[in-house]
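Novice: Sharing work-v3.cif, mmCIF, C-alpha atoms:
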```
data_my_file
loop_
_atom_site.group_PDB
_atom_site.id
_atom_site.type_symbol
_atom_site.label_atom_id
_atom_site.label_comp_id
_atom_site.auth_asym_id
_atom_site.auth_seq_id
_atom_site.Cartn_x
_atom_site.Cartn_y
_atom_site.Cartn_z
ATOM 1 C CA MET P 1 63.574 9.622 -59.081
ATOM 2 C CA ALA P 2 63.224 6.183 -57.484
ATOM 3 C CA THR P 3 59.910 4.447 -57.954
ATOM 4 C CA ARG P 4 58.327 3.268 -54.732
ATOM 5 C CA PRO P 5 57.687 -0.502 -54.539
ATOM 6 C CA LYS P 6 54.103 -1.615 -54.894
ATOM 7 C CA THR P 7 52.315 -2.570 -51.703
ATOM 8 C CA ILE P 8 50.668 -5.965 -51.237
ATOM 9 C CA TRP P 9 47.376 -4.103 -51.522
ATOM 10 C CA GLU P 10 48.217 -2.776 -54.988
ATOM 11 C CA SER P 11 49.755 -6.016 -56.231
ATOM 12 C CA PHE P 12 47.206 -8.530 -54.974
ATOM 13 C CA LEU P 13 44.381 -7.411 -52.693
ATOM 14 C CA SER P 14 43.172 -4.427 -54.710
ATOM 15 C CA PRO P 15 42.339 -6.541 -57.800
ATOM 16 C CA VAL P 16 40.449 -8.974 -55.548
ATOM 17 C CA VAL P 17 38.375 -6.207 -53.946
ATOM 18 C CA ARG P 18 37.737 -4.630 -57.328
ATOM 19 C CA PHE P 19 36.318 -7.953 -58.447
ATOM 20 C CA LEU P 20 33.910 -7.964 -55.489
ATOM 21 C CA ILE P 21 32.540 -4.433 -55.818
ATOM 22 C CA ASP P 22 30.281 -3.082 -58.568
ATOM 23 C CA GLU P 23 32.738 -0.770 -60.308
ATOM 24 C CA ASP P 24 30.214 0.335 -62.929
ATOM 25 C CA LYS P 25 27.830 1.464 -60.201
ATOM 26 C CA TRP P 26 30.461 3.590 -58.504
ATOM 27 C CA ARG P 27 31.720 4.954 -61.807
ATOM 28 C CA ARG P 28 28.198 6.142 -62.622
ATOM 29 C CA TYR P 29 27.942 7.684 -59.181
ATOM 30 C CA ALA P 30 31.252 9.526 -59.621
ATOM 31 C CA GLN P 31 30.112 10.907 -62.961
ATOM 32 C CA SER P 32 26.776 12.079 -61.550
ATOM 33 C CA ILE P 33 28.361 14.771 -59.367
ATOM 34 C CA ASP P 34 30.225 17.945 -60.237
ATOM 35 C CA TRP P 35 32.838 17.345 -57.549
ATOM 36 C CA GLU P 36 34.670 20.645 -57.869
ATOM 37 C CA LYS P 37 31.493 22.694 -57.687
ATOM 38 C CA GLU P 38 30.094 20.699 -54.769
ATOM 39 C CA SER P 39 33.360 20.618 -52.836
ATOM 40 C CA ASP P 40 33.632 24.393 -53.167
ATOM 41 C CA ARG P 41 30.486 24.680 -51.033
ATOM 42 C CA PHE P 42 32.432 23.176 -48.120
ATOM 43 C CA ARG P 43 35.945 24.452 -48.804
ATOM 44 C CA ARG P 44 37.024 27.101 -46.316
ATOM 45 C CA THR P 45 39.834 29.455 -47.251
ATOM 46 C CA ASP P 46 40.985 29.715 -43.637
ATOM 47 C CA VAL P 47 41.675 25.972 -43.414
ATOM 48 C CA ILE P 48 45.349 25.219 -44.004
ATOM 49 C CA ILE P 49 45.972 21.667 -45.224
ATOM 50 C CA PRO P 50 48.934 20.249 -43.235
ATOM 51 C CA SER P 51 51.804 18.658 -45.121
ATOM 52 C CA TYR P 52 51.417 15.306 -43.323
ATOM 53 C CA TYR P 53 48.006 15.073 -45.003
ATOM 54 C CA SER P 54 48.734 16.472 -48.449
ATOM 55 C CA SER P 55 52.212 15.109 -49.165
ATOM 56 C CA HIS P 56 51.429 11.383 -48.893
ATOM 57 C CA ASN P 57 49.306 8.812 -50.657
ATOM 58 C CA PHE P 58 46.834 6.869 -48.559
ATOM 59 C CA HIS P 59 45.645 3.388 -49.526
ATOM 60 C CA GLY P 60 47.490 3.698 -52.815
ATOM 61 C CA ILE P 61 45.428 6.723 -53.910
ATOM 62 C CA GLU P 62 47.498 9.471 -55.500
ATOM 63 C CA GLY P 63 46.962 12.684 -53.582
ATOM 64 C CA GLY P 64 45.419 10.898 -50.622
ATOM 65 C CA TYR P 65 41.947 12.061 -49.686
ATOM 66 C CA LEU P 66 42.143 15.402 -51.470
ATOM 67 C CA ASN P 67 40.360 14.166 -54.577
ATOM 68 C CA SER P 68 36.978 12.822 -55.612
ATOM 69 C CA SER P 69 38.317 9.335 -56.354
ATOM 70 C CA ALA P 70 39.011 8.780 -52.664
ATOM 71 C CA ALA P 71 35.511 9.924 -51.741
ATOM 72 C CA VAL P 72 33.898 7.509 -54.189
ATOM 73 C CA THR P 73 36.000 4.414 -53.472
ATOM 74 C CA TYR P 74 36.362 4.687 -49.695
ATOM 75 C CA ASP P 75 33.037 3.110 -48.692
ATOM 76 C CA PRO P 76 32.915 0.067 -50.993
ATOM 77 C CA ILE P 77 36.539 -0.815 -50.255
ATOM 78 C CA THR P 78 36.253 -0.285 -46.489
ATOM 79 C CA GLU P 79 33.468 -2.840 -46.260
ATOM 80 C CA TYR P 80 35.945 -5.524 -47.350
ATOM 81 C CA VAL P 81 39.100 -4.403 -45.568
ATOM 82 C CA LEU P 82 37.575 -3.617 -42.145
ATOM 83 C CA PRO P 83 36.790 -7.071 -40.702
ATOM 84 C CA PRO P 84 34.286 -8.345 -39.799
ATOM 85 C CA ASN P 85 32.596 -5.378 -41.545
ATOM 86 C CA GLY P 86 32.570 -1.621 -41.301
ATOM 87 C CA THR P 87 29.189 -1.287 -39.625
ATOM 88 C CA LEU P 88 29.975 -3.752 -36.837
ATOM 89 C CA VAL P 89 33.306 -2.090 -36.112
ATOM 90 C CA ARG P 90 31.768 1.380 -35.972
ATOM 91 C CA GLN P 91 28.933 0.105 -33.796
ATOM 92 C CA ALA P 92 31.514 -0.609 -31.103
ATOM 93 C CA LEU P 93 32.151 3.131 -30.895
ATOM 94 C CA ILE P 94 28.429 3.801 -30.512
ATOM 95 C CA ASP P 95 28.198 1.149 -27.800
ATOM 96 C CA ALA P 96 31.032 2.846 -25.890
ATOM 97 C CA VAL P 97 29.051 6.074 -25.449
ATOM 98 C CA LYS P 98 28.275 6.491 -21.737
ATOM 99 C CA VAL P 99 26.762 9.972 -21.803
ATOM 100 C CA GLN P 100 23.501 11.220 -23.269
ATOM 101 C CA PRO P 101 24.942 13.836 -25.634
ATOM 102 C CA ARG P 102 23.159 16.908 -26.871
ATOM 103 C CA ARG P 103 26.028 18.073 -29.115
ATOM 104 C CA ILE P 104 28.378 15.642 -30.874
ATOM 105 C CA LEU P 105 31.493 16.301 -32.949
ATOM 106 C CA ASP P 106 32.923 13.542 -35.159
ATOM 107 C CA LEU P 107 36.514 14.386 -36.105
ATOM 108 C CA GLY P 108 38.048 13.151 -39.348
ATOM 109 C CA CYS P 109 34.556 12.034 -40.341
ATOM 110 C CA GLY P 110 35.495 11.118 -43.919
ATOM 111 C CA THR P 111 32.422 9.999 -45.828
ATOM 112 C CA GLY P 112 30.374 10.173 -42.653
ATOM 113 C CA SER P 113 29.726 6.491 -41.937
ATOM 114 C CA THR P 114 30.275 6.836 -38.183
ATOM 115 C CA THR P 115 28.673 10.288 -38.109
ATOM 116 C CA LEU P 116 25.452 8.907 -39.568
ATOM 117 C CA MET P 117 25.386 6.122 -36.991
ATOM 118 C CA LEU P 118 25.858 8.655 -34.191
ATOM 119 C CA LYS P 119 22.881 10.656 -35.450
ATOM 120 C CA GLN P 120 20.770 7.502 -35.702
ATOM 121 C CA ALA P 121 21.716 6.503 -32.158
ATOM 122 C CA PHE P 122 21.096 9.998 -30.757
ATOM 123 C CA PRO P 123 18.466 11.572 -33.032
ATOM 124 C CA GLN P 124 17.825 14.528 -30.696
ATOM 125 C CA ALA P 125 21.491 15.546 -30.649
ATOM 126 C CA ASP P 126 23.104 18.181 -32.844
ATOM 127 C CA VAL P 127 25.751 16.259 -34.789
ATOM 128 C CA ILE P 128 28.665 17.790 -36.700
ATOM 129 C CA GLY P 129 31.117 15.945 -38.926
ATOM 130 C CA LEU P 130 34.486 17.626 -39.570
ATOM 131 C CA ASP P 131 37.077 16.643 -42.156
ATOM 132 C CA LEU P 132 40.061 18.088 -44.012
ATOM 133 C CA SER P 133 38.814 16.852 -47.380
ATOM 134 C CA PRO P 134 35.885 18.767 -48.896
ATOM 135 C CA TYR P 135 35.449 15.893 -51.357
ATOM 136 C CA MET P 136 34.774 13.462 -48.527
ATOM 137 C CA LEU P 137 32.233 15.918 -47.130
ATOM 138 C CA VAL P 138 30.368 15.958 -50.452
ATOM 139 C CA ARG P 139 29.971 12.203 -50.211
ATOM 140 C CA ALA P 140 29.036 12.419 -46.507
ATOM 141 C CA GLU P 141 26.325 15.011 -47.170
ATOM 142 C CA ASP P 142 24.893 12.901 -49.977
ATOM 143 C CA LYS P 143 24.668 9.866 -47.688
ATOM 144 C CA ALA P 144 22.980 11.914 -44.952
ATOM 145 C CA ARG P 145 20.488 13.351 -47.446
ATOM 146 C CA THR P 146 19.654 9.883 -48.739
ATOM 147 C CA GLY P 147 19.174 8.659 -45.158
ATOM 148 C CA GLY P 148 17.042 11.637 -44.184
ATOM 149 C CA LEU P 149 19.465 12.651 -41.439
ATOM 150 C CA ASP P 150 20.043 16.259 -40.392
ATOM 151 C CA ILE P 151 23.813 16.534 -39.879
ATOM 152 C CA SER P 152 26.109 19.538 -40.236
ATOM 153 C CA TRP P 153 29.306 19.041 -42.245
ATOM 154 C CA ARG P 154 32.316 21.290 -41.771
ATOM 155 C CA HIS P 155 35.645 21.621 -43.535
ATOM 156 C CA GLY P 156 38.318 21.876 -40.874
ATOM 157 C CA ASN P 157 41.424 20.589 -39.117
ATOM 158 C CA ALA P 158 40.863 18.421 -36.039
ATOM 159 C CA GLU P 159 43.949 19.970 -34.418
ATOM 160 C CA LYS P 160 42.324 23.394 -34.377
ATOM 161 C CA THR P 161 38.602 23.295 -35.017
ATOM 162 C CA SER P 162 37.786 26.938 -34.124
ATOM 163 C CA PHE P 163 34.729 25.843 -32.128
ATOM 164 C CA PRO P 164 34.316 27.570 -28.735
ATOM 165 C CA ASN P 165 35.460 25.998 -25.470
ATOM 166 C CA ALA P 166 33.111 23.433 -23.894
ATOM 167 C CA SER P 167 30.950 23.186 -27.029
ATOM 168 C CA PHE P 168 30.309 19.432 -27.043
ATOM 169 C CA ASP P 169 29.237 16.591 -24.763
ATOM 170 C CA LEU P 170 30.788 13.907 -26.976
ATOM 171 C CA VAL P 171 33.757 14.021 -29.365
ATOM 172 C CA THR P 172 34.660 10.990 -31.485
ATOM 173 C CA ALA P 173 37.252 9.943 -34.070
ATOM 174 C CA ALA P 174 37.015 6.707 -36.049
ATOM 175 C CA LEU P 175 39.937 5.310 -38.057
ATOM 176 C CA LEU P 176 41.783 8.623 -37.914
ATOM 177 C CA PHE P 177 44.734 8.186 -35.565
ATOM 178 C CA HIS P 178 46.567 5.552 -37.614
ATOM 179 C CA GLU P 179 46.715 8.039 -40.499
ATOM 180 C CA ILE P 180 48.419 10.873 -38.632
ATOM 181 C CA PRO P 181 51.753 11.331 -36.814
ATOM 182 C CA PRO P 182 51.645 10.687 -33.027
ATOM 183 C CA GLU P 183 52.319 14.324 -32.178
ATOM 184 C CA VAL P 184 49.267 15.291 -34.211
ATOM 185 C CA SER P 185 47.213 12.733 -32.274
ATOM 186 C CA GLN P 186 48.299 14.486 -29.077
ATOM 187 C CA ALA P 187 47.290 17.881 -30.462
ATOM 188 C CA ILE P 188 43.896 16.513 -31.461
ATOM 189 C CA LEU P 189 43.299 15.029 -28.004
ATOM 190 C CA GLN P 190 44.215 18.373 -26.436
ATOM 191 C CA GLU P 191 41.647 19.967 -28.739
ATOM 192 C CA CYS P 192 39.075 17.360 -27.701
ATOM 193 C CA PHE P 193 39.703 18.244 -24.068
ATOM 194 C CA ARG P 194 39.164 21.936 -24.804
ATOM 195 C CA LEU P 195 35.975 21.279 -26.770
ATOM 196 C CA LEU P 196 34.307 19.041 -24.188
ATOM 197 C CA VAL P 197 32.190 20.186 -21.278
ATOM 198 C CA ALA P 198 33.221 18.896 -17.849
ATOM 199 C CA GLY P 199 32.000 15.312 -17.669
ATOM 200 C CA GLY P 200 32.042 15.022 -21.464
ATOM 201 C CA GLN P 201 33.411 11.947 -23.220
ATOM 202 C CA VAL P 202 35.964 11.352 -25.964
ATOM 203 C CA ILE P 203 36.022 8.052 -27.911
ATOM 204 C CA ILE P 204 38.741 6.957 -30.335
ATOM 205 C CA LEU P 205 38.176 3.915 -32.580
ATOM 206 C CA ASP P 206 41.131 2.575 -34.539
ATOM 207 C CA GLY P 207 43.453 -0.369 -35.157
ATOM 208 C CA ASN P 208 44.611 -2.439 -32.212
ATOM 209 C CA GLN P 209 48.045 -1.092 -31.308
ATOM 210 C CA LYS P 210 49.130 -4.218 -29.411
ATOM 211 C CA SER P 211 48.290 -6.455 -32.358
ATOM 212 C CA LEU P 212 49.891 -4.151 -34.904
ATOM 213 C CA ARG P 213 53.181 -4.320 -32.979
ATOM 214 C CA GLN P 214 53.163 -8.101 -33.395
ATOM 215 C CA LEU P 215 52.039 -8.086 -37.020
ATOM 216 C CA ASN P 216 54.626 -5.933 -38.718
ATOM 217 C CA TRP P 217 53.908 -7.574 -42.082
ATOM 218 C CA LEU P 218 50.349 -6.255 -41.878
ATOM 219 C CA ASN P 219 51.721 -2.737 -42.019
ATOM 220 C CA ASP P 220 53.000 -3.451 -45.530
ATOM 221 C CA ILE P 221 49.590 -4.315 -46.965
ATOM 222 C CA PHE P 222 48.208 -0.812 -47.279
ATOM 223 C CA GLU P 223 49.991 2.415 -48.071
ATOM 224 C CA GLU P 224 49.725 3.970 -44.614
ATOM 225 C CA PRO P 225 52.645 6.368 -44.029
ATOM 226 C CA TYR P 226 52.169 6.587 -40.244
ATOM 227 C CA ILE P 227 50.958 3.097 -39.342
ATOM 228 C CA ARG P 228 54.226 1.973 -37.711
ATOM 229 C CA GLU P 229 54.419 5.098 -35.571
ATOM 230 C CA TYR P 230 50.821 4.543 -34.542
ATOM 231 C CA ALA P 231 51.497 0.902 -33.657
ATOM 232 C CA ALA P 232 54.420 1.865 -31.430
ATOM 233 C CA ASP P 233 52.400 4.556 -29.691
ATOM 234 C CA SER P 234 49.682 4.409 -27.009
ATOM 235 C CA VAL P 235 46.322 6.155 -27.328
ATOM 236 C CA ASP P 236 45.781 5.467 -23.606
ATOM 237 C CA ALA P 237 48.933 7.332 -22.613
ATOM 238 C CA ARG P 238 48.245 10.238 -24.936
ATOM 239 C CA MET P 239 44.691 10.547 -23.673
ATOM 240 C CA GLY P 240 45.956 10.644 -20.094
ATOM 241 C CA ALA P 241 48.560 13.245 -21.047
ATOM 242 C CA ALA P 242 45.783 15.393 -22.487
ATOM 243 C CA GLY P 243 44.084 15.425 -19.088
ATOM 244 C CA PHE P 244 41.358 12.819 -19.493
ATOM 245 C CA ALA P 245 40.351 10.573 -16.607
ATOM 246 C CA GLY P 246 38.849 7.096 -16.542
ATOM 247 C CA VAL P 247 40.807 6.177 -19.669
ATOM 248 C CA ARG P 248 40.004 2.685 -20.866
ATOM 249 C CA THR P 249 40.778 0.690 -24.020
ATOM 250 C CA GLU P 250 38.748 -2.330 -25.125
ATOM 251 C CA ASP P 251 39.955 -4.779 -27.777
ATOM 252 C CA LEU P 252 37.689 -5.687 -30.678
ATOM 253 C CA TRP P 253 38.404 -9.033 -32.358
ATOM 254 C CA LEU P 254 42.120 -8.414 -31.658
ATOM 255 C CA ILE P 255 42.172 -6.193 -34.738
ATOM 256 C CA HIS P 256 40.588 -2.974 -33.526
ATOM 257 C CA GLN P 257 40.371 -1.031 -30.290
ATOM 258 C CA VAL P 258 38.081 1.561 -28.719
ATOM 259 C CA THR P 259 39.590 4.024 -26.238
ATOM 260 C CA SER P 260 37.400 6.220 -24.070
ATOM 261 C CA GLY P 261 38.084 9.024 -21.609
ATOM 262 C CA ILE P 262 36.132 11.549 -19.553
ATOM 263 C CA LYS P 263 36.959 15.205 -18.999
ATOM 264 C CA PRO P 264 37.072 15.457 -15.186
ATOM 265 C CA ILE P 265 34.452 17.444 -13.300
ATOM 266 C CA LEU P 266 36.124 20.010 -11.065
ATOM 267 C CA PRO P 267 34.487 21.605 -8.006
ATOM 268 C CA THR P 268 34.222 24.841 -9.977
ATOM 269 C CA ASP P 269 32.269 23.127 -12.762
ATOM 270 C CA THR P 270 29.074 22.538 -10.753
ATOM 271 C CA ASN P 271 27.644 23.359 -7.352
ATOM 272 C CA GLN P 272 27.270 19.682 -6.528
ATOM 273 C CA ALA P 273 30.307 18.143 -8.214
ATOM 274 C CA LYS P 274 30.634 14.401 -7.918
ATOM 275 C CA ASP P 275 32.547 11.734 -9.765
ATOM 276 C CA ARG P 276 29.899 10.684 -12.300
ATOM 277 C CA GLN P 277 32.146 9.073 -14.894
ATOM 278 C CA TYR P 278 30.714 6.330 -17.080
ATOM 279 C CA MET P 279 27.089 6.985 -16.267
ATOM 280 C CA PRO P 280 24.814 4.798 -18.381
ATOM 281 C CA ALA P 281 23.009 6.427 -21.274
ATOM 282 C CA ILE P 282 19.560 7.632 -20.272
ATOM 283 C CA ASP P 283 16.428 9.072 -21.812
ATOM 284 C CA ASN P 284 16.597 12.707 -22.981
ATOM 285 C CA ASN P 285 13.569 13.548 -20.861
ATOM 286 C CA ASP P 286 15.132 12.369 -17.605
ATOM 287 C CA LEU P 287 18.235 14.491 -17.109
ATOM 288 C CA GLU P 288 17.720 15.659 -13.542
ATOM 289 C CA GLY P 289 20.158 14.841 -10.785
ATOM 290 C CA LEU P 290 23.104 13.848 -12.940
ATOM 291 C CA GLU P 291 25.110 16.887 -11.878
ATOM 292 C CA SER P 292 27.191 17.173 -15.028
ATOM 293 C CA PRO P 293 27.010 19.596 -17.963
ATOM 294 C CA ALA P 294 27.360 16.553 -20.203
ATOM 295 C CA PHE P 295 23.870 15.617 -19.103
ATOM 296 C CA GLY P 296 22.421 19.106 -19.395
ATOM 297 C CA ILE P 297 22.960 20.274 -15.807
ATOM 298 C CA VAL P 298 24.943 23.518 -15.711
ATOM 299 C CA ALA P 299 25.953 25.316 -12.542
#
```
Starting from the coordinates I provided, produce the structure as structure tokens.

Specialist:
Amino acid sequence: MATRPKTIWESFLSPVVRFLIDEDKWRRYAQSIDWEKESDRFRRTDVIIPSYYSSHNFHGIEGGYLNSSAAVTYDPITEYVLPPNGTLVRQALIDAVKVQPRRILDLGCGTGSTTLMLKQAFPQADVIGLDLSPYMLVRAEDKARTGGLDISWRHGNAEKTSFPNASFDLVTAALLFHEIPPEVSQAILQECFRLLVAGGQVIILDGNQKSLRQLNWLNDIFEEPYIREYAADSVDARMGAAGFAGVRTEDLWLIHQVTSGIKPILPTDTNQAKDRQYMPAIDNNDLEGLESPAFGIVA
């Protein structure tokens, strides 16, 4: 069997990052948790792991995210490979929220970094983080517990979440789409459309597709099996195809992008339907007159 060539990440960048992080600290953390026992608390037998997720390595990690090693190393490494830093990049997603959500779903939440920030930004909202890896959810729950944040974590597939129709006012996905095939991205956006109330918002944060098309060498740095397909694709177009209106993409430092869309309000959705897309966020106690279920007004 042919041996795959080492990526630039494995050959050069990984040793540099390993020098910067406190490996002993994270090793002690990994050893402090019974990962199989804890992951079993989240693992759902009805969740089928798709082959595009289980049959590839991600970031040079054998087995991708379906192991405890990925859950432990993801955060310290991401801080160095997500310029200018992970928190600033994720904050752009928070800043793009134009509704005052009461129920939020963060798809492909991983270790919960964006999910925690959503809960901090909207403390009165019910926030759920969903991910295919129960190991990542163990880490996410631990971070939420340490931060004193009440967040629900669920093992599941973003393509078919099993939540009821119109369950959420805001659905987000951070750094997910570049790790899945384009047709799966479309299925996830269709699921987002189903899950959102009329007037609800979807926000996708990921790598800048225009820049990635011009920087083909960058795609060789990390082991990302779908990065080239993602670069050639268009989140804008797929969001429009899913039925979203007011679709808009903003560039972030030419490296990242945030794409937002609104589920249209139809005349049957409210007695006084109006085009209220991109309303500014408002106080939870002042929801009257906004005429959209996303703001708590239901016909």

Novice: Pick from P:Ile104, P:Ile151, P:Pro225, P:Pro182: nearest to Ala166 (chain P), with only C-alpha atoms counted?

Specialist: P:Ile104

Novice: In Å to one decimal, how far is CA of Leu105 (chain P) from CA of Thr73 (chain P)?

Specialist: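 Rounded to one decimal, the two atoms are 24.1 Å apart.
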
Novice: List the spatial neighbours of Arg41 (chain P) as a CSV table (one decimal) with C-alpha atoms, in the coordinates of the input - criterion: any atom at most 10 Å away, all atoms listed in the file, same-chain residues fewer than 6 positions off excluded.

Specialist:
```
chain,number,residue,atom,x,y,z
P,134,PRO,CA,35.9,18.8,-48.9
P,137,LEU,CA,32.2,15.9,-47.1
P,138,VAL,CA,30.4,16.0,-50.5
P,155,HIS,CA,35.6,21.6,-43.5
```

Novice: Report, in Å with one decimal, the straight-line distance from CA of Arg43 (chain P) to CA of Gly129 (chain P).

Specialist: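 Taking CA of Arg43 (chain P) and CA of Gly129 (chain P), their separation equals 13.9 Å.
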
Novice: Between P:Ala158, P:Leu66, P:Val197, P:Leu88, which residue has the minimum interatomic distance to Asp269 (chain P), considering only C-alpha atoms?

Specialist: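 Of P:Ala158, P:Leu66, P:Val197, P:Leu88, the one nearest Asp269 (chain P) is P:Val197, counting only C-alpha atoms.
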
Novice: Restricting the calculation to only C-alpha atoms, which member of P:Gly147, P:Pro76, P:Gly64, P:Gly207 is positioned closest to Ala231 (chain P)?

Specialist: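 Answer, going by the shortest atom-to-atom distance: P:Gly207.
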
Novice: Select, from P:Ala245, P:Leu118, P:Ile265, P:Leu196, the residue with the minimum atom-to-atom distance to Leu93 (chain P), counting all atoms listed in the file.

Specialist: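 Checking each of P:Ala245, P:Leu118, P:Ile265, P:Leu196 against Leu93 (chain P), counting all atoms listed in the file, the winner is P:Leu118.
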
Novice: Would you kindly return, as a list in words, each protein, DNA or RNA residue with an atom no farther than 10 Å from any atom of Cys109 (chain P), considering all atoms listed in the file and excluding same-chain residues fewer than 6 positions away?

Specialist: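 That gives Thr115, Leu116, Ile128, Gly129, Leu130, Asp131, Leu132, Ser133, Met136, Leu137, Ala140, Trp153, Arg154, Ala158, Thr172, Ala173, Ala174, Leu175 and Leu176 of chain P.
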
Novice: What's the 9 Å shell around Tyr226 (chain P), counting only C-alpha atoms, without same-chain residues fewer than 5 positions away, as a list in words?

Specialist: Phe177, His178, Glu179, Ile180, Pro181, Pro182 and Ala231 of chain P

Novice: Which residue gives the smallest distance to Gly261 (chain P) among P:Tyr230, P:Phe193, P:Phe168, P:Trp35, with only C-alpha atoms counted?

Specialist: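 Once distances to Gly261 (chain P) are computed over only C-alpha atoms, the minimum belongs to P:Phe193.
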
Novice: When distances are computed from all atoms listed in the file, which of P:Met117, P:Glu36, P:Thr87, P:Ala187 shows the smallest separation from Asp75 (chain P)?

Specialist: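 Looking at the shortest contact to Asp75 (chain P), the residue is P:Thr87.
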
Novice: What gap, in Å, lies between CA of Arg238 (chain P) and CA of Thr259 (chain P)?

Specialist: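 Taking CA of Arg238 (chain P) as the start and CA of Thr259 (chain P) as the end point, the length is 10.7 Å.
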
Novice: Please report, as JSON, the centre and edge lengths in Å to one decimal of an axis-aligned box covering all listed atoms of region 160-169 of chain P with 6 Å per side.

Specialist:
```
{"center_x": 35.8, "center_y": 22.1, "center_z": -29.5, "size_x": 25.1, "size_y": 23.0, "size_z": 23.1}
```
